[in-house]
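Engineer: Dumping the structure here so I can ask a few things about it.
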Amino acid sequence: MSTFSISGLSSGIDTTSLISQLMTLAAQPQTALKNQLAGEQSVISAYQSINNKLTAFSTAATAVQQAWGATKASSSNSGVIATTSATAIAGSSATFDVVQLATSQISTLAVTASTVVSNPPNGIDITDHAGVVHHVNLTDGSAATVAAAVNSAGVGVRAAVVNTDSGQVLQFTATSTGLAGSFSISGLDTAPQTLVAAQDAKVAVGDPAAGGYTVSSSTNTFNNVVPGVTFTVGAVASNVTISVGSDAGAISDKVRAMVDAANAALGELATDTGKGAVLEGNYQVNALTQSILATVSHGDAARNSYAGSGIQLTSTGTLKFDADAFAAGYAGDPAQTQTTVSGLASALASLASNASTQTISPLINSGTAQVANLNKEITDWDSRLAAQQTALQAKYTAMEVALSKLNSTSSWLNQALSSMSNSSSDSKSN
């Protein structure tokens with residue numbers, strides 16, 4: 001006799017795999033949103049790269065407009081090193097004598113006994129150039145203790161015990177040069193002798209006895225003897241001339257930096273709009289490339305090429321800077337070269353700045369808003385899919401429970417039928 005069963009229903013169904021497949025299908029709209037998000041983020045990243053290059057380009061072009069006041073100082077004496085600041089004026093100069101160099105005071109005393117201070121509890125006093133007395137406490141009167149105490153006091157004087165050919169010497173040295181670093185010491189058994197006197201550096205312009213003057217400095221560095229010029233003297237010298245001239249090399253470097261920044265921007269634009277790139281065929285971005293190249297190719301206000309100032313286009317759609325051509329043009333006519341190159345720099349700075357603020361930045365902002373919306377939609381789908389998965393799990397769990405009950409019922413029925421069949425057989429045999 002055949003047993004009772006329910007065909008096609010079994011608790012062996014892989015409900016986990018089934019739910020996973022169903023959820024994959026349900027998540028397709030969210031997957032599409034995620035793909036759209038990734039694409040939008042790639043576009044924004046490209047815009048941001050372009051924007052960074054445009055900002056750097058604008059900054060470099062602006063620097064060219066501000067570079068024409070660059071100066072440098074030259075010295076007729078290798079022992080005098082001069083530099084200029086922004087306030088230096090090209091064409092200014094000064095001739096002077098280096099009368100003396102700044103020195104630090106050095107005072108010494110011979111250490112002829114075990115102590116240099118017979119009454120250590122009284123300590124010693126160091127008086128600075130302003131007349132301020134600095135008291136130094138001592139634990140004993142040895143030269144080494146005195147040196148250590150002075151060094152710990154921080155009063156502008158350093159001390160050391162020096163082993164010389166004729167015995168030990170206790171040496172005191174001012175920590176700064178010039179008269180302001182001079183000092184005197186009292187309280188030692190033997191008064192120190194001044195080995196090197198403190199003095200300021202001094203230069204003389206003309207004859208001080210006949211309308212000239214001197215300028216002193218506590219260090220060997222002088223400021224504004226020539227307006228905007230700082231110079232450092234290294235030796236006594238006569239008839240030193242410092243001259244300030246225009247720094248054509250520094251200006252040339254600024255122009256080169258502008259050209260390099262332009263090429264960096266053009267390179268970024270080409271990369272992001274090339275075949276297969278995220279901005280391929282983007283009209284607004286392609287137009288920027290054409291605008292940059294056209295600004296250079298059209299020449300100056302008189303339609304003259306910028307090649308005479310060292311700037312020209314290449315056959316590959318980039319800019320090229322010729323430092324020698326720039327130097328020659330600037331040496332031949334500084335004013336015209338400045339006018340020409342500054343005009344180009346101004347046009348390029350405005351173009352790059354406007355492109356950044358009026359074209360690229362709005363595109364970035366729009367893309368950022370779109371990303372925010374996509375993220376919100378994706379998050380909404382997370383909640384929706386989670387609810388759907390919970391519902392499927394509940395549904396199939398209920399199905400498994402029902403199947404289990406059906407299987408139990410089927411087993412009971414089979415047993416009952418089997419028992420009835422056996423009972424019937426027994427009755428017939430009797």
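Labels for the structure tokens follow display order: chains A, B, ..., residues from 1 in each chain, ligands from 1.
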Where does DSSP see strand (DSSP E or B) in stretch 34-228 of chain A, if you list the residues as a PyMOL selection string?
Structural biologist: chain A and resi 71-75+80-84+93-100+103+106-110+124-128+133-136+157-164+167-174+183-186+193-196+199+201-205+213-217+221-223
Engineer: Any idea what's packed within 12 Å of A:Gln336, counting only C-alpha atoms, ignoring anything in its chain fewer than 5 positions away? Could you give it as a PyMOL selection string?
Structural biologist: chain A and resi 68+300+304+306+308-309+326+329-331+341-343
Engineer: Please provide as number ranges by chain all residues within 12 Å of A:Ser315, with the sequence filter that same-chain residues fewer than 3 positions apart are discarded (counting only C-alpha atoms).
Structural biologist: A: 293, 297, 312, 318-320
Engineer: Put those residues in a file: C-alpha atoms, as a tab-separated table (two decimals), in the first residue's frame.
Structural biologist:
```
chain	number	residue	atom	x	y	z
A	293	LEU	CA	44.94	79.39	-26.31
A	297	SER	CA	47.39	83.52	-30.08
A	312	GLN	CA	54.44	81.52	-27.60
A	318	THR	CA	50.53	74.26	-25.05
A	319	LEU	CA	52.53	77.36	-24.13
A	320	LYS	CA	56.30	77.70	-24.26
```
Engineer: With only C-alpha atoms as the atoms that count, which of A:Thr83, A:Asn365, A:Thr357, A:Asn414 lies nearest to A:Asn52?
Structural biologist: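 The shortest atom-to-atom distance to A:Asn52 comes from A:Thr357.
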Engineer: Which is closer to A:Thr175 than all the others in A:Pro120, A:Gly156, A:Pro362, A:Gly274, using only C-alpha atoms?
Structural biologist: A:Gly156
